[in-house]
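**Student:** Input file: run_2.txt. Contents: compact mmCIF, C-alpha atoms.
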```
# COMPACT_ATOMS: atom_id res chain seq x y z
CA MET T 95 65.27 -37.46 -10.95
CA LYS T 96 62.09 -39.13 -12.18
CA GLN T 97 60.93 -40.76 -8.97
CA LYS T 98 59.85 -38.54 -6.06
CA LEU T 99 62.31 -38.75 -3.20
CA ILE T 100 62.79 -36.92 0.08
CA ILE T 101 65.93 -37.34 2.16
CA THR T 102 65.94 -36.09 5.74
CA ILE T 103 69.24 -35.58 7.53
CA GLY T 104 69.70 -35.49 11.28
CA ARG T 105 73.19 -34.61 12.46
CA GLN T 106 75.49 -34.12 15.39
CA TYR T 107 76.98 -30.65 15.59
CA GLY T 108 80.30 -30.53 13.76
CA SER T 109 79.68 -33.76 11.84
CA GLY T 110 79.23 -31.92 8.54
CA GLY T 111 75.64 -33.10 8.16
CA ARG T 112 74.48 -29.84 6.61
CA LEU T 113 77.28 -29.99 4.04
CA VAL T 114 76.47 -33.63 3.27
CA GLY T 115 72.86 -32.61 2.65
CA LYS T 116 73.81 -29.69 0.44
CA LYS T 117 76.25 -31.72 -1.68
CA LEU T 118 73.74 -34.56 -1.93
CA ALA T 119 71.02 -32.20 -3.18
CA GLU T 120 73.45 -30.80 -5.76
CA ALA T 121 74.47 -34.29 -6.91
CA LEU T 122 70.85 -35.38 -7.28
CA GLY T 123 69.67 -32.10 -8.80
CA ILE T 124 66.97 -31.54 -6.18
CA SER T 125 66.07 -28.78 -3.71
CA PHE T 126 67.85 -28.27 -0.40
CA TYR T 127 66.11 -27.03 2.74
CA ASN T 128 67.83 -25.99 5.94
CA ARG T 129 67.67 -22.34 6.94
CA GLU T 130 65.32 -21.87 3.98
CA ILE T 131 62.54 -23.33 6.11
CA ILE T 132 62.92 -20.48 8.61
CA GLU T 133 62.70 -17.98 5.76
CA LEU T 134 59.48 -19.58 4.52
CA ALA T 135 58.04 -19.68 8.05
CA ALA T 136 58.78 -15.97 8.49
CA GLN T 137 57.16 -15.13 5.16
CA GLN T 138 54.02 -17.12 5.93
CA SER T 139 53.63 -15.82 9.48
CA GLY T 140 54.68 -12.21 8.94
CA MET T 141 57.16 -12.54 11.81
CA SER T 142 60.85 -11.73 11.58
CA GLU T 143 63.45 -14.32 10.65
CA GLU T 144 65.58 -13.08 13.55
CA ALA T 145 62.89 -14.01 16.08
CA PHE T 146 62.56 -17.49 14.63
CA GLU T 147 66.31 -18.03 14.38
CA LYS T 148 66.63 -17.52 18.14
CA VAL T 149 64.34 -20.48 18.84
CA ASP T 150 65.13 -22.65 15.81
CA GLU T 151 65.54 -26.31 16.83
CA THR T 152 64.93 -25.32 20.45
CA ALA T 153 62.18 -26.89 22.54
CA ALA T 154 59.71 -24.66 24.36
CA SER T 155 61.23 -23.44 27.60
CA SER T 156 58.64 -25.00 29.87
CA LEU T 157 57.35 -28.51 29.35
CA LEU T 158 55.04 -28.06 32.34
CA TYR T 159 53.60 -24.93 30.72
CA SER T 160 52.79 -26.83 27.55
CA ILE T 161 51.18 -29.72 29.43
CA ALA T 162 49.16 -27.37 31.62
CA THR T 163 47.80 -25.44 28.64
CA GLY T 164 47.04 -28.52 26.58
CA ALA T 165 49.62 -27.53 23.98
CA TYR T 166 52.03 -30.43 24.49
CA MET T 167 53.30 -31.56 21.12
CA PHE T 168 53.41 -35.35 21.50
CA GLY T 169 51.63 -36.75 18.47
CA ASN T 170 51.54 -33.22 17.03
CA TYR T 171 48.53 -32.34 19.17
CA VAL T 172 48.05 -28.63 19.67
CA SER T 173 45.20 -26.88 21.40
CA PRO T 174 44.06 -23.95 19.23
CA GLN T 175 42.75 -22.04 22.22
CA VAL T 176 46.11 -21.12 23.72
CA ASP T 177 48.78 -18.59 22.95
CA LEU T 178 51.68 -20.92 22.20
CA PRO T 179 55.34 -20.21 22.93
CA LEU T 180 57.23 -18.99 19.86
CA ASN T 181 59.11 -22.32 19.77
CA ASP T 182 55.85 -24.21 19.31
CA LYS T 183 54.54 -21.76 16.72
CA LEU T 184 57.71 -22.22 14.70
CA PHE T 185 57.52 -26.01 14.99
CA ILE T 186 53.95 -26.00 13.70
CA LEU T 187 54.81 -23.68 10.83
CA GLN T 188 57.89 -25.70 9.93
CA SER T 189 55.89 -28.91 10.04
CA GLU T 190 53.38 -27.56 7.54
CA ILE T 191 56.15 -26.24 5.29
CA ILE T 192 58.01 -29.56 5.40
CA LYS T 193 54.85 -31.46 4.50
CA SER T 194 54.12 -28.99 1.71
CA VAL T 195 57.56 -29.18 0.06
CA ALA T 196 57.52 -32.98 0.35
CA ILE T 197 54.28 -33.05 -1.63
CA LYS T 198 55.58 -30.58 -4.18
CA GLU T 199 59.08 -31.83 -4.99
CA SER T 200 62.02 -34.10 -4.34
CA CYS T 201 64.31 -32.51 -1.76
CA VAL T 202 66.85 -32.84 1.03
CA ILE T 203 65.72 -31.50 4.42
CA VAL T 204 68.18 -30.98 7.28
CA GLY T 205 67.06 -31.28 10.91
CA ARG T 206 63.81 -29.92 12.33
CA CYS T 207 62.31 -33.36 13.05
CA ALA T 208 61.63 -33.84 9.35
CA ASP T 209 61.98 -37.62 9.64
CA TYR T 210 59.19 -37.68 12.23
CA ILE T 211 57.01 -35.13 10.47
CA LEU T 212 57.13 -37.19 7.26
CA LYS T 213 56.99 -40.61 8.96
CA ASP T 214 53.81 -41.65 7.13
CA ARG T 215 55.30 -41.13 3.66
CA LYS T 216 56.82 -44.04 1.74
CA ASP T 217 59.18 -41.91 -0.37
CA VAL T 218 61.39 -40.73 2.50
CA ILE T 219 64.91 -41.87 3.39
CA ASN T 220 66.07 -40.84 6.86
CA VAL T 221 69.80 -40.39 7.47
CA PHE T 222 71.76 -39.52 10.61
CA ILE T 223 75.31 -38.14 10.31
CA HIS T 224 77.64 -38.48 13.27
CA ALA T 225 81.39 -38.31 13.81
CA SER T 226 84.05 -38.75 16.47
CA LYS T 227 84.24 -35.98 19.03
CA GLU T 228 87.77 -35.07 17.96
CA ALA T 229 86.73 -34.69 14.32
CA ARG T 230 83.72 -32.60 15.33
CA LYS T 231 85.81 -30.38 17.56
CA GLN T 232 88.28 -29.77 14.76
CA ARG T 233 85.52 -28.93 12.26
CA ALA T 234 83.93 -26.54 14.75
CA ILE T 235 87.26 -24.77 15.21
CA ASP T 236 88.23 -24.70 11.53
CA GLU T 237 84.87 -24.15 9.86
CA TYR T 238 82.77 -22.35 12.46
CA GLY T 239 85.41 -20.36 14.32
CA ILE T 240 84.72 -21.78 17.78
CA ALA T 241 87.57 -21.11 20.24
CA ALA T 242 89.59 -24.23 21.04
CA ASN T 243 89.19 -23.77 24.81
CA LYS T 244 85.39 -23.60 24.45
CA VAL T 245 84.72 -26.06 21.68
CA GLU T 246 83.96 -29.18 23.72
CA ASN T 247 81.40 -27.42 25.90
CA TYR T 248 79.89 -25.85 22.79
CA LEU T 249 79.55 -29.23 21.06
CA ASN T 250 77.86 -30.72 24.11
CA LYS T 251 75.53 -27.73 24.40
CA ILE T 252 74.35 -27.88 20.77
CA ASP T 253 73.94 -31.66 20.79
CA LYS T 254 71.90 -31.43 23.99
CA LYS T 255 69.77 -28.69 22.44
CA ARG T 256 69.07 -30.75 19.32
CA SER T 257 68.40 -33.87 21.36
CA THR T 258 65.98 -32.07 23.68
CA TYR T 259 64.18 -30.50 20.71
CA TYR T 260 63.78 -33.78 18.87
CA ASN T 261 62.78 -35.80 21.92
CA TYR T 262 60.31 -33.13 23.06
CA TYR T 263 58.45 -32.70 19.79
CA THR T 264 58.47 -36.32 18.61
CA GLY T 265 58.49 -38.54 21.67
CA GLU T 266 61.34 -40.43 19.97
CA LYS T 267 65.05 -40.53 20.79
CA TRP T 268 67.38 -38.28 18.77
CA GLY T 269 70.18 -40.19 17.07
CA TYR T 270 68.65 -43.59 17.87
CA SER T 271 69.54 -45.88 14.98
CA THR T 272 66.09 -47.41 14.49
CA ASN T 273 64.70 -43.99 13.49
CA TYR T 274 66.90 -43.93 10.38
CA GLN T 275 67.66 -46.08 7.34
CA LEU T 276 71.30 -44.94 7.36
CA CYS T 277 73.63 -43.82 10.17
CA LEU T 278 76.96 -42.64 8.76
CA ASP T 279 80.23 -41.66 10.44
CA SER T 280 81.63 -38.70 8.53
CA SER T 281 84.94 -38.90 10.42
CA VAL T 282 85.46 -42.30 8.77
CA LEU T 283 83.76 -41.80 5.41
CA GLY T 284 84.39 -38.09 4.86
CA ILE T 285 81.78 -35.71 3.45
CA GLU T 286 82.04 -37.03 -0.11
CA GLY T 287 82.01 -40.61 1.16
CA CYS T 288 78.75 -39.98 3.03
CA VAL T 289 77.21 -38.45 -0.10
CA HIS T 290 78.32 -41.46 -2.14
CA MET T 291 76.91 -43.93 0.40
CA ILE T 292 73.53 -42.19 0.41
CA GLU T 293 73.46 -42.08 -3.40
CA SER T 294 74.30 -45.79 -3.56
CA PHE T 295 71.53 -46.57 -1.08
CA ILE T 296 69.05 -44.53 -3.11
CA HIS T 297 69.97 -46.38 -6.31
CA GLU T 298 69.62 -49.76 -4.58
CA GLN T 299 66.23 -48.84 -3.16
CA SER T 300 65.11 -47.53 -6.53
CA ALA T 301 66.16 -50.76 -8.26
CA LYS T 302 64.07 -52.80 -5.81
CA THR T 303 60.91 -50.91 -6.70
CA LYS T 304 61.26 -51.39 -10.48
```
Here is a file; write its structure as structure tokens.

**Tutor:**
Amino acid sequence: MKQKLIITIGRQYGSGGRLVGKKLAEALGISFYNREIIELAAQQSGMSEEAFEKVDETAASSLLYSIATGAYMFGNYVSPQVDLPLNDKLFILQSEIIKSVAIKESCVIVGRCADYILKDRKDVINVFIHASKEARKQRAIDEYGIAANKVENYLNKIDKKRSTYYNYYTGEKWGYSTNYQLCLDSSVLGIEGCVHMIESFIHEQSAKTK
């Protein structure tokens, strides 16, 4: 790919958003970042991946604590004088890594508020993948091994976690259509269909800039 391009992918749990991102990166011949961002954050900080994984895409436990200490993240403001919760430390590290890889190369980045972190760049396409609840429940059972009698509660829990994380660190609304150029239903389009739609959109956008 000659022209620099970054695609961010937000996703409902069980929608297949991660798989869409991975297949898209393979189709375009560019880098893919999901869990890899945690690995880079651990390397840069000297902390363990396990510690970061526990708080990945999880907002700090106390909003009042963050406001009281001046560490509230709206607008990416952080007071350097405080000992931040691990959640906030990871968000800051991930933000710097996301900005760094966006400068360095074309890539697909899944989750972690990447659309907001890169909002000032002109070479970013923001995508949100969603699906019907029944399709998501079935994927969670088949692909992720979630017990059928627990799957609905699990879906709701993860979606709420992602929503809270995104809303907390960006001041925007997770899954709100105006935050994205494309919102795709994978239960209608399928994984390959979503990849094709994003590729088609990229080609159309590229043609407009020539």

**Student:** Could you jot down the atom CA of His290 of chain T to atom CA of Glu228 of chain T separation for me, Å, one decimal place?

**Tutor:** 23.1 Å

**Student:** Rank T:Ser125, T:Ser257, T:Thr102, T:Gln137 by their smallest atom-to-atom distance to Tyr270 of chain T, using only C-alpha atoms, and report the top residue only.

**Tutor:**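 Answer, going by the shortest atom-to-atom distance: T:Ser257.
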
**Student:** Point out the residue among T:Cys201, T:Leu276, T:Cys207, T:Ala119 with the least atom-to-atom distance to Met291 of chain T, counting all atoms listed in the file.

**Tutor:**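 Looking only at the distances to Met291 of chain T, the closest residue turns out to be T:Leu276.
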
**Student:** Taking into account all atoms listed in the file, which residue in the set T:Gly110, T:Pro179, T:Gly239, T:Gly205 is nearest to Glu151 of chain T?

**Tutor:**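 Going through T:Gly110, T:Pro179, T:Gly239, T:Gly205 one by one, the smallest distance to Glu151 of chain T is for T:Gly205.
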
**Student:** May I ask for the distance between atom CA of Leu134 of chain T and atom CA of Ile211 of chain T, given in Å to one decimal place?

**Tutor:**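 Separating atom CA of Leu134 of chain T from atom CA of Ile211 of chain T is a distance of 16.8 Å.
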
**Student:** Could you tell me how far atom CA of Ile191 of chain T lies from atom CA of Gln138 of chain T, in Å and to one decimal?

**Tutor:** 9.4 Å

**Student:** Give, as lines of an AutoDock Vina configuration file, the centre coordinates and the x, y and z edge lengths in Å to one decimal for an axis-aligned box around all listed atoms of segment 265-272 of chain T, padded by 6 Å on each side.

**Tutor:**
```
center_x = 64.3
center_y = -42.8
center_z = 18.1
size_x = 23.7
size_y = 21.1
size_z = 19.2
```

**Student:** So which residues touch Leu99 of chain T within 7 Å, counting only C-alpha atoms, skipping near sequence neighbours fewer than 5 positions away, as a compact mmCIF listing (two decimals) with C-alpha atoms, in the coordinates of the input?

**Tutor:**
```
# COMPACT_ATOMS: atom_id res chain seq x y z
CA SER T 200 62.02 -34.10 -4.34
CA CYS T 201 64.31 -32.51 -1.76
CA ASP T 217 59.18 -41.91 -0.37
CA VAL T 218 61.39 -40.73 2.50
```

**Student:** Determine, counting only C-alpha atoms, which protein, DNA and RNA residues have an atom within 8 Å of an atom of Leu249 of chain T; residues of the same chain fewer than 2 positions away are not included. Present the result as a PyMOL selection string.

**Tutor:** chain T and resi 107-108+230-231+245-247+251-253

**Student:** Write the selection just made, keeping C-alpha atoms, as a PDB file, in the frame of the given file?

**Tutor:**
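Result went into out-v3.pdb, see below:
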```pdb
ATOM      1  CA  TYR T 107      76.980 -30.650  15.590  1.00  0.00           C
ATOM      2  CA  GLY T 108      80.300 -30.530  13.760  1.00  0.00           C
ATOM      3  CA  ARG T 230      83.720 -32.600  15.330  1.00  0.00           C
ATOM      4  CA  LYS T 231      85.810 -30.380  17.560  1.00  0.00           C
ATOM      5  CA  VAL T 245      84.720 -26.060  21.680  1.00  0.00           C
ATOM      6  CA  GLU T 246      83.960 -29.180  23.720  1.00  0.00           C
ATOM      7  CA  ASN T 247      81.400 -27.420  25.900  1.00  0.00           C
ATOM      8  CA  LYS T 251      75.530 -27.730  24.400  1.00  0.00           C
ATOM      9  CA  ILE T 252      74.350 -27.880  20.770  1.00  0.00           C
ATOM     10  CA  ASP T 253      73.940 -31.660  20.790  1.00  0.00           C
TER      11      ASP T 253
END
```

**Student:** Determine, counting only C-alpha atoms, which protein, DNA and RNA residues have an atom within 12 Å of an atom of Asn220 of chain T; residues of the same chain fewer than 4 positions away are not included. Present the result as a ChimeraX atom specification.

**Tutor:** /T:99-105,115,202-205,207-213,215-216,269-278,292,295-296

**Student:** With distances taken over only C-alpha atoms, which of T:Asp214, T:Asp150, T:Glu190, T:Glu286 is nearest to Lys255 of chain T?

**Tutor:**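 The shortest atom-to-atom distance to Lys255 of chain T comes from T:Asp150.
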
**Student:** Restricting the calculation to all atoms listed in the file, which member of T:Glu237, T:Glu130, T:Asp182, T:Asp279 is positioned closest to Thr152 of chain T?

**Tutor:** T:Asp182

**Student:** Measuring between all atoms listed in the file, which one of T:Tyr262, T:Tyr127, T:Ala121, T:Ala229 shows the shortest distance to Asn181 of chain T?

**Tutor:**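 Of T:Tyr262, T:Tyr127, T:Ala121, T:Ala229, the one nearest Asn181 of chain T is T:Tyr262, counting all atoms listed in the file.
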
**Student:** Write out N, CA and C atoms for segment 125-137 of chain T, as a compact mmCIF listing (two decimals), in the coordinates of the input.

**Tutor:**
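Output contents, as saved in rebuild06.txt:
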```txt
# COMPACT_ATOMS: atom_id res chain seq x y z
N SER T 125 66.04 -29.93 -4.62
CA SER T 125 66.07 -28.78 -3.71
C SER T 125 66.68 -29.14 -2.36
N PHE T 126 67.23 -28.12 -1.71
CA PHE T 126 67.85 -28.27 -0.40
C PHE T 126 67.19 -27.32 0.58
N TYR T 127 66.77 -27.86 1.73
CA TYR T 127 66.11 -27.03 2.74
C TYR T 127 66.82 -27.18 4.09
N ASN T 128 67.26 -26.06 4.59
CA ASN T 128 67.83 -25.99 5.94
C ASN T 128 67.32 -24.69 6.55
N ARG T 129 68.11 -23.65 6.47
CA ARG T 129 67.67 -22.34 6.94
C ARG T 129 66.52 -21.80 6.10
N GLU T 130 66.39 -22.31 4.87
CA GLU T 130 65.32 -21.87 3.98
C GLU T 130 63.94 -22.08 4.60
N ILE T 131 63.83 -23.07 5.46
CA ILE T 131 62.54 -23.33 6.11
C ILE T 131 62.17 -22.20 7.06
N ILE T 132 63.17 -21.63 7.74
CA ILE T 132 62.92 -20.48 8.61
C ILE T 132 62.45 -19.29 7.78
N GLU T 133 63.09 -19.08 6.64
CA GLU T 133 62.70 -17.98 5.76
C GLU T 133 61.25 -18.12 5.32
N LEU T 134 60.86 -19.34 4.95
CA LEU T 134 59.48 -19.58 4.52
C LEU T 134 58.50 -19.40 5.68
N ALA T 135 58.90 -19.84 6.87
CA ALA T 135 58.04 -19.68 8.05
C ALA T 135 57.83 -18.20 8.37
N ALA T 136 58.89 -17.41 8.25
CA ALA T 136 58.78 -15.97 8.49
C ALA T 136 57.87 -15.32 7.47
N GLN T 137 58.00 -15.70 6.21
CA GLN T 137 57.16 -15.13 5.16
C GLN T 137 55.68 -15.46 5.39
```
